[in-house]
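Below is input38.txt, holding compact mmCIF, C-alpha atoms.
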```txt
# COMPACT_ATOMS: atom_id res chain seq x y z
CA PHE A 9 43.99 1.20 -26.32
CA LEU A 10 40.44 -0.20 -26.39
CA SER A 11 39.05 2.84 -24.57
CA GLU A 12 40.79 5.09 -27.11
CA ILE A 13 39.10 3.25 -30.01
CA VAL A 14 35.71 3.52 -28.27
CA SER A 15 36.30 7.22 -27.64
CA LYS A 16 37.16 7.89 -31.31
CA LYS A 17 34.12 5.93 -32.50
CA ARG A 18 31.83 7.86 -30.16
CA GLY A 19 33.39 11.16 -31.28
CA SER A 20 32.67 10.26 -34.90
CA MET A 21 29.04 9.46 -34.03
CA GLU A 22 28.66 12.75 -32.16
CA THR A 23 29.95 14.61 -35.23
CA LEU A 24 27.37 12.83 -37.41
CA VAL A 25 24.54 13.75 -35.04
CA ALA A 26 25.68 17.38 -34.98
CA LYS A 27 25.72 17.49 -38.79
CA VAL A 28 22.21 16.03 -38.93
CA LEU A 29 20.87 18.63 -36.49
CA THR A 30 22.58 21.46 -38.39
CA GLN A 31 21.24 20.38 -41.78
CA ILE A 32 17.67 19.98 -40.57
CA GLY A 33 17.90 23.32 -38.76
CA SER A 34 18.98 25.05 -41.97
CA VAL A 35 15.54 24.30 -43.45
CA VAL A 36 13.27 24.11 -40.39
CA MET A 37 14.40 27.40 -38.88
CA GLY A 38 14.12 28.44 -35.25
CA LYS A 39 12.92 25.06 -33.95
CA PRO A 40 16.00 23.33 -32.44
CA HIS A 41 14.00 21.74 -29.59
CA GLN A 42 11.41 20.17 -31.90
CA ILE A 43 14.15 18.95 -34.28
CA LYS A 44 16.02 17.37 -31.39
CA LEU A 45 12.83 15.68 -30.16
CA ALA A 46 12.12 14.27 -33.62
CA LEU A 47 15.68 12.97 -34.05
CA SER A 48 15.74 11.40 -30.60
CA CYS A 49 12.47 9.63 -31.42
CA LEU A 50 13.90 8.10 -34.60
CA LEU A 51 17.20 7.16 -32.94
CA ALA A 52 15.11 5.36 -30.31
CA LYS A 53 13.43 3.37 -33.13
CA GLY A 54 10.08 5.06 -32.57
CA HIS A 55 7.39 6.52 -34.79
CA ILE A 56 6.50 10.20 -34.60
CA LEU A 57 3.29 12.17 -35.02
CA ILE A 58 3.63 15.87 -35.87
CA GLU A 59 0.47 17.85 -35.09
CA ASP A 60 -0.06 21.52 -35.89
CA LEU A 61 -1.95 24.05 -37.99
CA PRO A 62 -1.54 23.94 -41.78
CA GLY A 63 1.49 25.81 -43.08
CA MET A 64 3.60 25.40 -39.93
CA GLY A 65 6.22 23.13 -41.51
CA LYS A 66 5.00 19.67 -40.49
CA THR A 67 5.54 18.06 -43.88
CA THR A 68 8.80 19.95 -44.39
CA LEU A 69 10.24 18.60 -41.13
CA ALA A 70 9.19 15.07 -42.10
CA GLN A 71 10.72 15.37 -45.58
CA VAL A 72 14.00 16.84 -44.35
CA LEU A 73 14.30 14.13 -41.67
CA SER A 74 13.80 11.42 -44.29
CA LYS A 75 16.27 12.90 -46.77
CA THR A 76 18.93 13.59 -44.14
CA LEU A 77 18.78 10.04 -42.81
CA GLY A 78 19.37 8.75 -46.35
CA LEU A 79 16.53 6.23 -46.30
CA SER A 80 14.04 5.19 -48.96
CA TYR A 81 10.77 6.95 -48.34
CA GLN A 82 7.46 7.73 -49.92
CA ARG A 83 4.87 10.33 -49.05
CA THR A 84 1.21 9.30 -49.03
CA GLN A 85 -1.48 11.95 -48.84
CA PHE A 86 -4.18 10.58 -46.57
CA THR A 87 -7.67 11.50 -47.77
CA SER A 88 -11.20 10.42 -46.89
CA ASP A 89 -11.36 8.00 -49.84
CA LEU A 90 -7.93 6.39 -49.26
CA MET A 91 -8.24 2.60 -48.83
CA PRO A 92 -5.99 0.31 -46.77
CA SER A 93 -4.86 -1.40 -49.99
CA ASP A 94 -3.58 1.98 -51.24
CA VAL A 95 -1.15 2.01 -48.31
CA ILE A 96 -0.20 -1.66 -47.99
CA SER A 97 -0.57 -3.40 -51.36
CA ILE A 98 -3.01 -4.80 -53.86
CA SER A 99 -3.08 -8.06 -55.84
CA ILE A 100 -3.86 -7.53 -59.51
CA PHE A 101 -4.66 -10.35 -61.92
CA GLU A 102 -2.36 -10.26 -64.95
CA GLN A 103 -3.57 -12.15 -67.99
CA ALA A 104 -0.08 -12.57 -69.42
CA SER A 105 1.03 -14.71 -66.49
CA ASN A 106 -2.49 -15.96 -65.65
CA GLN A 107 -1.96 -15.21 -61.96
CA PHE A 108 -2.38 -12.53 -59.31
CA VAL A 109 0.68 -10.31 -58.88
CA LEU A 110 1.31 -8.39 -55.67
CA HIS A 111 1.90 -4.66 -56.21
CA LYS A 112 3.52 -3.35 -53.03
CA GLY A 113 2.30 -0.07 -51.58
CA PRO A 114 4.24 2.80 -49.96
CA ILE A 115 4.42 0.87 -46.67
CA PHE A 116 7.35 -1.06 -48.19
CA ASN A 117 9.76 1.85 -47.67
CA GLN A 118 12.10 2.58 -44.78
CA VAL A 119 10.30 5.85 -44.07
CA VAL A 120 6.57 6.17 -44.63
CA LEU A 121 5.37 9.76 -44.58
CA ALA A 122 1.66 9.66 -43.76
CA ASP A 123 0.60 13.23 -44.55
CA GLU A 124 -2.57 14.47 -42.79
CA ILE A 125 -3.20 10.99 -41.41
CA ASN A 126 -6.35 12.07 -39.57
CA ARG A 127 -8.16 12.90 -42.82
CA ALA A 128 -8.41 9.18 -43.64
CA SER A 129 -11.08 6.85 -42.30
CA PRO A 130 -10.39 4.89 -39.09
CA LYS A 131 -10.20 1.70 -41.18
CA THR A 132 -7.33 3.12 -43.27
CA GLN A 133 -5.61 4.57 -40.21
CA SER A 134 -5.65 1.18 -38.49
CA ALA A 135 -3.99 -0.42 -41.53
CA LEU A 136 -0.70 0.90 -40.17
CA LEU A 137 -1.00 -0.82 -36.79
CA GLU A 138 0.70 -4.13 -37.60
CA ALA A 139 3.44 -2.40 -39.58
CA MET A 140 4.23 0.04 -36.76
CA GLU A 141 4.31 -2.61 -34.06
CA GLU A 142 5.70 -5.70 -35.79
CA HIS A 143 7.56 -4.21 -38.80
CA GLN A 144 5.60 -6.58 -41.02
CA VAL A 145 2.29 -6.75 -42.88
CA SER A 146 -0.06 -9.65 -43.58
CA ILE A 147 -1.44 -9.85 -47.11
CA ASP A 148 -3.75 -12.66 -48.23
CA GLY A 149 -2.59 -14.81 -45.32
CA THR A 150 1.11 -14.29 -46.06
CA THR A 151 3.43 -12.28 -43.81
CA HIS A 152 5.79 -9.84 -45.51
CA GLN A 153 8.72 -8.29 -43.64
CA LEU A 154 9.26 -4.55 -44.03
CA PRO A 155 12.69 -3.04 -44.72
CA LEU A 156 14.73 -2.00 -41.69
CA PRO A 157 15.09 0.53 -40.25
CA PHE A 158 11.38 1.33 -40.56
CA PHE A 159 9.71 4.55 -39.42
CA VAL A 160 6.28 6.08 -39.75
CA ILE A 161 6.37 9.88 -39.72
CA ALA A 162 2.79 11.12 -39.65
CA THR A 163 1.38 14.63 -39.73
CA GLN A 164 -2.08 15.71 -38.70
CA ASN A 165 -4.15 18.88 -38.46
CA PRO A 166 -5.90 19.83 -35.20
CA LEU A 167 -9.15 17.96 -34.65
CA PHE A 168 -11.26 21.13 -34.79
CA HIS A 169 -10.44 21.39 -38.52
CA SER A 170 -13.15 20.16 -40.89
CA GLY A 171 -12.69 16.76 -42.50
CA THR A 172 -10.57 15.26 -39.72
CA ASN A 173 -11.08 11.98 -37.83
CA PRO A 174 -9.54 11.41 -34.39
CA LEU A 175 -6.90 8.70 -34.31
CA PRO A 176 -8.00 5.69 -32.23
CA GLU A 177 -6.20 5.18 -28.93
CA SER A 178 -4.61 1.97 -30.21
CA GLN A 179 -3.11 3.97 -33.09
CA LEU A 180 -1.87 6.83 -30.91
CA ASP A 181 -0.20 4.34 -28.58
CA ARG A 182 2.05 3.16 -31.43
CA PHE A 183 3.61 6.60 -31.76
CA MET A 184 6.53 7.18 -29.43
CA MET A 185 6.03 10.96 -29.60
CA ARG A 186 3.47 13.52 -30.64
CA ILE A 187 5.07 16.93 -31.10
CA SER A 188 3.90 20.37 -32.20
CA ILE A 189 6.11 22.80 -34.12
CA GLY A 190 4.40 26.07 -33.14
CA PHE A 191 4.80 29.56 -34.54
CA PRO A 192 8.35 30.76 -35.27
CA SER A 193 10.08 33.60 -33.44
CA VAL A 194 10.26 37.02 -35.11
CA GLN A 195 13.86 36.44 -36.21
CA ALA A 196 13.12 32.93 -37.52
CA GLU A 197 10.06 34.18 -39.42
CA ARG A 198 12.17 36.94 -40.98
CA GLU A 199 14.69 34.32 -42.17
CA ILE A 200 11.87 32.16 -43.53
CA LEU A 201 10.40 35.06 -45.51
CA LEU A 202 13.76 36.07 -46.99
CA ALA A 203 15.00 32.55 -47.71
CA GLN A 204 14.95 30.91 -51.12
CA GLU A 205 12.00 28.81 -52.24
CA LEU A 206 11.35 26.11 -49.63
CA HIS A 207 10.86 23.42 -52.27
CA GLN A 208 14.34 24.14 -53.67
CA LYS A 209 15.91 23.95 -50.21
CA VAL A 210 14.27 20.59 -49.48
CA GLU A 211 15.29 19.20 -52.88
CA SER A 212 18.90 20.27 -52.29
CA ILE A 213 19.14 18.26 -49.06
CA GLN A 214 21.76 15.51 -49.29
CA PRO A 215 21.85 12.37 -47.09
CA ILE A 216 24.28 12.59 -44.19
CA LEU A 217 23.79 9.06 -42.86
CA SER A 218 23.75 5.66 -44.51
CA SER A 219 21.46 2.87 -43.28
CA GLU A 220 24.44 1.19 -41.64
CA GLN A 221 25.48 4.38 -39.84
CA LEU A 222 21.93 4.92 -38.61
CA LYS A 223 21.88 1.38 -37.22
CA GLN A 224 25.18 2.07 -35.44
CA LEU A 225 23.73 5.21 -33.88
CA GLN A 226 20.67 3.26 -32.72
CA GLU A 227 22.91 0.58 -31.22
CA ALA A 228 24.89 3.29 -29.42
CA VAL A 229 21.64 4.66 -28.00
CA ASP A 230 20.77 1.18 -26.70
CA GLU A 231 24.08 1.16 -24.79
CA VAL A 232 23.37 4.40 -22.88
CA LYS A 233 23.37 3.57 -19.16
CA VAL A 234 20.26 3.89 -16.99
CA SER A 235 20.44 3.75 -13.19
CA GLU A 236 17.85 2.07 -10.98
CA GLN A 237 16.83 5.49 -9.66
CA ILE A 238 15.93 6.63 -13.19
CA VAL A 239 13.87 3.48 -13.76
CA ASP A 240 12.05 4.09 -10.44
CA TYR A 241 11.43 7.69 -11.54
CA ILE A 242 9.75 6.53 -14.75
CA ILE A 243 7.68 3.95 -12.88
CA GLY A 244 6.63 6.66 -10.43
CA LEU A 245 5.47 8.91 -13.26
CA CYS A 246 3.53 6.07 -14.88
CA ARG A 247 1.86 5.05 -11.63
CA TYR A 248 0.90 8.65 -10.81
CA SER A 249 -0.83 8.91 -14.20
CA ARG A 250 -3.03 5.96 -13.21
CA HIS A 251 -4.54 7.73 -10.18
CA ASP A 252 -8.11 8.96 -10.43
CA GLU A 253 -7.12 12.60 -9.87
CA PHE A 254 -4.86 12.62 -12.95
CA SER A 255 -6.62 14.49 -15.77
CA GLY A 256 -4.88 12.82 -18.75
CA ASN A 257 -4.78 9.28 -20.05
CA PRO A 258 -3.04 6.70 -17.82
CA LEU A 259 0.36 5.64 -19.13
CA SER A 260 0.73 2.03 -20.27
CA PRO A 261 3.90 -0.03 -19.74
CA ARG A 262 4.60 0.57 -23.46
CA ALA A 263 4.53 4.32 -22.78
CA GLY A 264 7.04 3.92 -19.93
CA LYS A 265 9.34 1.90 -22.15
CA SER A 266 9.07 4.51 -24.90
CA LEU A 267 9.89 7.27 -22.41
CA LEU A 268 13.02 5.37 -21.33
CA LYS A 269 14.15 4.76 -24.91
CA SER A 270 13.65 8.36 -26.00
CA ALA A 271 15.43 9.67 -22.89
CA LYS A 272 18.44 7.50 -23.76
CA ALA A 273 18.44 8.97 -27.27
CA TRP A 274 18.13 12.51 -25.83
CA ALA A 275 21.16 11.85 -23.59
CA PHE A 276 23.12 10.45 -26.54
CA ILE A 277 22.42 13.55 -28.63
CA ASP A 278 23.73 15.59 -25.66
CA ASN A 279 26.99 13.58 -25.87
CA ARG A 280 26.40 11.59 -22.69
CA ASP A 281 26.38 7.83 -22.11
CA PHE A 282 24.03 8.00 -19.10
CA VAL A 283 20.48 9.23 -18.47
CA THR A 284 19.60 11.98 -15.99
CA PRO A 285 16.20 13.11 -14.64
CA ASP A 286 16.47 16.14 -16.94
CA ASP A 287 16.43 13.77 -19.94
CA ILE A 288 13.18 12.24 -18.70
CA GLN A 289 11.62 15.68 -18.22
CA ALA A 290 12.76 16.85 -21.68
```
Could the structure of this file be written out as structure tokens, please?
Amino acid sequence: FLSEIVSKKRGSMETLVAKVLTQIGSVVMGKPHQIKLALSCLLAKGHILIEDLPGMGKTTLAQVLSKTLGLSYQRTQFTSDLMPSDVISISIFEQASNQFVLHKGPIFNQVVLADEINRASPKTQSALLEAMEEHQVSIDGTTHQLPLPFFVIATQNPLFHSGTNPLPESQLDRFMMRISIGFPSVQAEREILLAQELHQKVESIQPILSSEQLKQLQEAVDEVKVSEQIVDYIIGLCRYSRHDEFSGNPLSPRAGKSLLKSAKAWAFIDNRDFVTPDDIQA
């Protein structure tokens, strides 16, 4: 009887995930792999960085994700003159009450859409560090908890574009994934050209999940089984990246943990309760 209840609950969750993927795919056309990566990142409680050329659908993917998950969100356009206080908060003296009043910034939302994050100064970029890692911010010596679940979805243009600043390594390390959308296929581009106004499609998106349902999905992802062989596989990948002959950046223990979490989410989206090597490679 207990196994039957668990089976029904899991079936209901799988249906929710399928609906989420379908709805996002109806707006971001021809990119099922990138959509699945983004969803697995958020189900694994990670932050995501979407990097591509302008006009490729970065902001659209971020907006549709936020709306579909049914969370409070706010978009902030990162510019060269954006200050950390514009993102976090600012204390303003009000004469009526004869005291400083805290005006909370966009960081106090469940989803923070940091659009073109690499156009801001390194000082403003680093203002997100504590929020991304600790889910809290410190203002005037006081710690303020952020709403849960909390995600940062950031977009950025390639670094060869004018007016961009590279994200510091400490900032990049807080993102679980960095994905690229890429050009659409011929069929997908035809559908995009013939579709209704994109703004109207995004505005018509209705939430599929509630905050409670999203938390249940995240808890289900945590319960996905991982064998010792899979853990050894991840450790092997991390250790190989630390050899001198490896051309990329060495992977930190945080990166290995992120890889494990996202692989569990990938397996869950594939309707499995265990991780395979293919999930790690994906």
| Residues within 6 Å of range 280-286 of chain A, only C-alpha atoms, excluding chain neighbours under 2 positions, as a ChimeraX atom specification | /A:232-234,272,275-276,278,288-289
Limited to C-alpha atoms, could you put the picked residues into a file as a compact mmCIF listing (two decimals), in the coordinates of the input?
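The file below, out18.txt, is the result:
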```
# COMPACT_ATOMS: atom_id res chain seq x y z
CA VAL A 232 23.37 4.40 -22.88
CA LYS A 233 23.37 3.57 -19.16
CA VAL A 234 20.26 3.89 -16.99
CA LYS A 272 18.44 7.50 -23.76
CA ALA A 275 21.16 11.85 -23.59
CA PHE A 276 23.12 10.45 -26.54
CA ASP A 278 23.73 15.59 -25.66
CA ILE A 288 13.18 12.24 -18.70
CA GLN A 289 11.62 15.68 -18.22
```
Considering only C-alpha atoms, return as a PDB file with C-alpha atoms, in the frame of the given file whatever protein or nucleic-acid residues lie within 8 Å of Ile96 in chain A, sequence-local ones (same chain, fewer than 4 positions apart) excluded.
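Output saved as selection18.pdb:
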```pdb
ATOM      1  CA  PRO A  92      -5.990   0.310 -46.770  1.00  0.00           C
ATOM      2  CA  LYS A 112       3.520  -3.350 -53.030  1.00  0.00           C
ATOM      3  CA  GLY A 113       2.300  -0.070 -51.580  1.00  0.00           C
ATOM      4  CA  PRO A 114       4.240   2.800 -49.960  1.00  0.00           C
ATOM      5  CA  ILE A 115       4.420   0.870 -46.670  1.00  0.00           C
ATOM      6  CA  PHE A 116       7.350  -1.060 -48.190  1.00  0.00           C
ATOM      7  CA  ALA A 135      -3.990  -0.420 -41.530  1.00  0.00           C
ATOM      8  CA  VAL A 145       2.290  -6.750 -42.880  1.00  0.00           C
TER       9      VAL A 145
END
```
| Taking all atoms listed in the file into account, which of A:Glu102, A:Asp230, A:Glu138, A:Glu220 comes nearest Lys53 in chain A? |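 Checking each of A:Glu102, A:Asp230, A:Glu138, A:Glu220 against Lys53 in chain A, counting all atoms listed in the file, the winner is A:Asp230.
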| task | Pick out the residues sitting within 9 Å of Ile277 in chain A, and hand them over as a list in words; count all atoms listed in the file, and ignore anything fewer than 2 positions along from it in its own chain. | result |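 The neighbour list is Glu22, Val25, Ala26, Lys44, Leu47, Ser48, Val229, Lys272, Ala273, Trp274, Ala275, Asn279 and Arg280 of chain A.
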Any chance you could work out the axis-aligned box around range 223-229 of chain A, listed atoms only, 6 Å on each side, giving centre and edge lengths in Å to one decimal, as AutoDock Vina command-line options?
```
--center_x 22.9 --center_y 2.9 --center_z -32.6 --size_x 16.5 --size_y 16.6 --size_z 21.2
```
| task | Give the answer as one residue: which of A:Ser80, A:Gln195, A:Gln71, A:Ser93 has the shortest atom-to-atom distance to Gln133 in chain A, using all atoms listed in the file? | result | A:Ser93
| request: Could you tell me which of A:Ile238, A:Leu45, A:Leu206, A:Leu180 comes closest to Arg262 in chain A if we count all atoms listed in the file? | output: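 Among the listed residues, the smallest separation from Arg262 in chain A belongs to A:Leu180.
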| query | Restricting the calculation to all atoms listed in the file, which member of A:Ser146, A:Gln103, A:Thr30, A:Ser88 is positioned closest to Ala128 in chain A? | reply |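 Going through A:Ser146, A:Gln103, A:Thr30, A:Ser88 one by one, the smallest distance to Ala128 in chain A is for A:Ser88.
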| message | Just checking: using all atoms listed in the file, which residue out of A:Val95, A:Val160, A:Met140, A:Cys49 ends up closest to Val119 in chain A? | response |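 Among the listed residues, the smallest separation from Val119 in chain A belongs to A:Val160.
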| query | Excluding same-chain residues fewer than 3 positions from Ile56 in chain A, what lies within 9 Å of it counting all atoms listed in the file, as a list in words? | reply |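 The residues that qualify are Ala46, Cys49, Leu50, Phe159, Val160, Ile161, Ala162, Thr163, Arg182, Phe183, Met184, Met185, Arg186 and Ile187 of chain A.
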| Pick the closest to Val28 in chain A from A:Ser255, A:Asn173, A:Thr84, A:Ser218: which is it, counting only C-alpha atoms? |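 Under the stated criterion, the closest residue is A:Ser218.
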| Got a sec: who's within 10 Å of Met64 in chain A, counting all atoms listed in the file, leaving out chain neighbours fewer than 4 positions off, as a list in words? |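 Listed by chain and then number, they are Val36, Glu59, Asp60, Thr68, Leu69, Ser188, Ile189, Gly190, Phe191 and Pro192 of chain A.
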Kindly add all heavy atoms to the incomplete range 233-244 of chain A and provide the output as a PDB file, in the coordinates of the input.
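After the write, result.pdb holds the following:
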```
ATOM      1  N   LYS A 233      23.622   4.167 -20.485  1.00  0.00           N
ATOM      2  CA  LYS A 233      23.370   3.570 -19.160  1.00  0.00           C
ATOM      3  C   LYS A 233      22.182   4.238 -18.465  1.00  0.00           C
ATOM      4  O   LYS A 233      21.983   5.450 -18.575  1.00  0.00           O
ATOM      5  CB  LYS A 233      24.624   3.695 -18.285  1.00  0.00           C
ATOM      6  CG  LYS A 233      25.857   3.015 -18.865  1.00  0.00           C
ATOM      7  CD  LYS A 233      27.057   3.219 -17.967  1.00  0.00           C
ATOM      8  CE  LYS A 233      28.323   2.621 -18.582  1.00  0.00           C
ATOM      9  NZ  LYS A 233      28.719   3.321 -19.819  1.00  0.00           N
ATOM     10  N   VAL A 234      21.417   3.410 -17.756  1.00  0.00           N
ATOM     11  CA  VAL A 234      20.260   3.890 -16.990  1.00  0.00           C
ATOM     12  C   VAL A 234      20.353   3.324 -15.581  1.00  0.00           C
ATOM     13  O   VAL A 234      20.459   2.107 -15.398  1.00  0.00           O
ATOM     14  CB  VAL A 234      18.936   3.444 -17.649  1.00  0.00           C
ATOM     15  CG1 VAL A 234      17.755   3.983 -16.854  1.00  0.00           C
ATOM     16  CG2 VAL A 234      18.855   3.909 -19.092  1.00  0.00           C
ATOM     17  N   SER A 235      20.343   4.195 -14.584  1.00  0.00           N
ATOM     18  CA  SER A 235      20.440   3.750 -13.190  1.00  0.00           C
ATOM     19  C   SER A 235      19.081   3.267 -12.683  1.00  0.00           C
ATOM     20  O   SER A 235      18.036   3.549 -13.285  1.00  0.00           O
ATOM     21  CB  SER A 235      20.932   4.902 -12.307  1.00  0.00           C
ATOM     22  OG  SER A 235      19.960   5.936 -12.261  1.00  0.00           O
ATOM     23  N   GLU A 236      19.104   2.550 -11.572  1.00  0.00           N
ATOM     24  CA  GLU A 236      17.850   2.070 -10.980  1.00  0.00           C
ATOM     25  C   GLU A 236      16.966   3.228 -10.544  1.00  0.00           C
ATOM     26  O   GLU A 236      15.735   3.144 -10.617  1.00  0.00           O
ATOM     27  CB  GLU A 236      18.158   1.160  -9.787  1.00  0.00           C
ATOM     28  CG  GLU A 236      18.747  -0.193 -10.175  1.00  0.00           C
ATOM     29  CD  GLU A 236      18.862  -1.123  -8.982  1.00  0.00           C
ATOM     30  OE1 GLU A 236      18.248  -0.807  -7.930  1.00  0.00           O
ATOM     31  OE2 GLU A 236      19.552  -2.146  -9.095  1.00  0.00           O
ATOM     32  N   GLN A 237      17.605   4.326 -10.100  1.00  0.00           N
ATOM     33  CA  GLN A 237      16.830   5.490  -9.660  1.00  0.00           C
ATOM     34  C   GLN A 237      16.038   6.098 -10.824  1.00  0.00           C
ATOM     35  O   GLN A 237      14.893   6.540 -10.641  1.00  0.00           O
ATOM     36  CB  GLN A 237      17.758   6.555  -9.055  1.00  0.00           C
ATOM     37  CG  GLN A 237      18.374   6.148  -7.720  1.00  0.00           C
ATOM     38  CD  GLN A 237      19.686   5.412  -7.889  1.00  0.00           C
ATOM     39  OE1 GLN A 237      19.964   4.872  -8.964  1.00  0.00           O
ATOM     40  NE2 GLN A 237      20.484   5.378  -6.833  1.00  0.00           N
ATOM     41  N   ILE A 238      16.631   6.102 -12.016  1.00  0.00           N
ATOM     42  CA  ILE A 238      15.930   6.630 -13.190  1.00  0.00           C
ATOM     43  C   ILE A 238      14.746   5.741 -13.549  1.00  0.00           C
ATOM     44  O   ILE A 238      13.654   6.219 -13.876  1.00  0.00           O
ATOM     45  CB  ILE A 238      16.897   6.751 -14.394  1.00  0.00           C
ATOM     46  CG1 ILE A 238      17.949   7.838 -14.155  1.00  0.00           C
ATOM     47  CG2 ILE A 238      16.121   7.044 -15.672  1.00  0.00           C
ATOM     48  CD1 ILE A 238      17.390   9.235 -14.071  1.00  0.00           C
ATOM     49  N   VAL A 239      14.967   4.418 -13.485  1.00  0.00           N
ATOM     50  CA  VAL A 239      13.870   3.480 -13.760  1.00  0.00           C
ATOM     51  C   VAL A 239      12.731   3.687 -12.757  1.00  0.00           C
ATOM     52  O   VAL A 239      11.547   3.716 -13.128  1.00  0.00           O
ATOM     53  CB  VAL A 239      14.378   2.024 -13.716  1.00  0.00           C
ATOM     54  CG1 VAL A 239      13.208   1.046 -13.856  1.00  0.00           C
ATOM     55  CG2 VAL A 239      15.403   1.780 -14.816  1.00  0.00           C
ATOM     56  N   ASP A 240      13.080   3.856 -11.472  1.00  0.00           N
ATOM     57  CA  ASP A 240      12.050   4.090 -10.440  1.00  0.00           C
ATOM     58  C   ASP A 240      11.319   5.408 -10.705  1.00  0.00           C
ATOM     59  O   ASP A 240      10.112   5.517 -10.438  1.00  0.00           O
ATOM     60  CB  ASP A 240      12.704   4.125  -9.052  1.00  0.00           C
ATOM     61  CG  ASP A 240      13.200   2.756  -8.620  1.00  0.00           C
ATOM     62  OD1 ASP A 240      12.724   1.752  -9.183  1.00  0.00           O
ATOM     63  OD2 ASP A 240      14.067   2.690  -7.720  1.00  0.00           O
ATOM     64  N   TYR A 241      12.038   6.405 -11.208  1.00  0.00           N
ATOM     65  CA  TYR A 241      11.430   7.690 -11.540  1.00  0.00           C
ATOM     66  C   TYR A 241      10.368   7.527 -12.621  1.00  0.00           C
ATOM     67  O   TYR A 241       9.253   8.063 -12.512  1.00  0.00           O
ATOM     68  CB  TYR A 241      12.540   8.652 -11.978  1.00  0.00           C
ATOM     69  CG  TYR A 241      12.094  10.065 -12.316  1.00  0.00           C
ATOM     70  CD1 TYR A 241      10.998  10.656 -11.697  1.00  0.00           C
ATOM     71  CD2 TYR A 241      12.800  10.821 -13.248  1.00  0.00           C
ATOM     72  CE1 TYR A 241      10.614  11.954 -12.005  1.00  0.00           C
ATOM     73  CE2 TYR A 241      12.426  12.123 -13.566  1.00  0.00           C
ATOM     74  CZ  TYR A 241      11.332  12.680 -12.941  1.00  0.00           C
ATOM     75  OH  TYR A 241      10.952  13.955 -13.240  1.00  0.00           O
ATOM     76  N   ILE A 242      10.708   6.768 -13.657  1.00  0.00           N
ATOM     77  CA  ILE A 242       9.750   6.530 -14.750  1.00  0.00           C
ATOM     78  C   ILE A 242       8.542   5.752 -14.245  1.00  0.00           C
ATOM     79  O   ILE A 242       7.391   6.077 -14.567  1.00  0.00           O
ATOM     80  CB  ILE A 242      10.436   5.783 -15.907  1.00  0.00           C
ATOM     81  CG1 ILE A 242      11.497   6.673 -16.560  1.00  0.00           C
ATOM     82  CG2 ILE A 242       9.412   5.347 -16.953  1.00  0.00           C
ATOM     83  CD1 ILE A 242      12.317   5.983 -17.625  1.00  0.00           C
ATOM     84  N   ILE A 243       8.792   4.732 -13.439  1.00  0.00           N
ATOM     85  CA  ILE A 243       7.680   3.950 -12.880  1.00  0.00           C
ATOM     86  C   ILE A 243       6.783   4.834 -12.030  1.00  0.00           C
ATOM     87  O   ILE A 243       5.549   4.739 -12.074  1.00  0.00           O
ATOM     88  CB  ILE A 243       8.225   2.758 -12.061  1.00  0.00           C
ATOM     89  CG1 ILE A 243       8.916   1.752 -12.982  1.00  0.00           C
ATOM     90  CG2 ILE A 243       7.098   2.086 -11.277  1.00  0.00           C
ATOM     91  CD1 ILE A 243       9.618   0.622 -12.252  1.00  0.00           C
ATOM     92  N   GLY A 244       7.395   5.736 -11.260  1.00  0.00           N
ATOM     93  CA  GLY A 244       6.630   6.660 -10.430  1.00  0.00           C
ATOM     94  C   GLY A 244       5.729   7.564 -11.255  1.00  0.00           C
ATOM     95  O   GLY A 244       4.563   7.798 -10.907  1.00  0.00           O
TER      96      GLY A 244
END
```
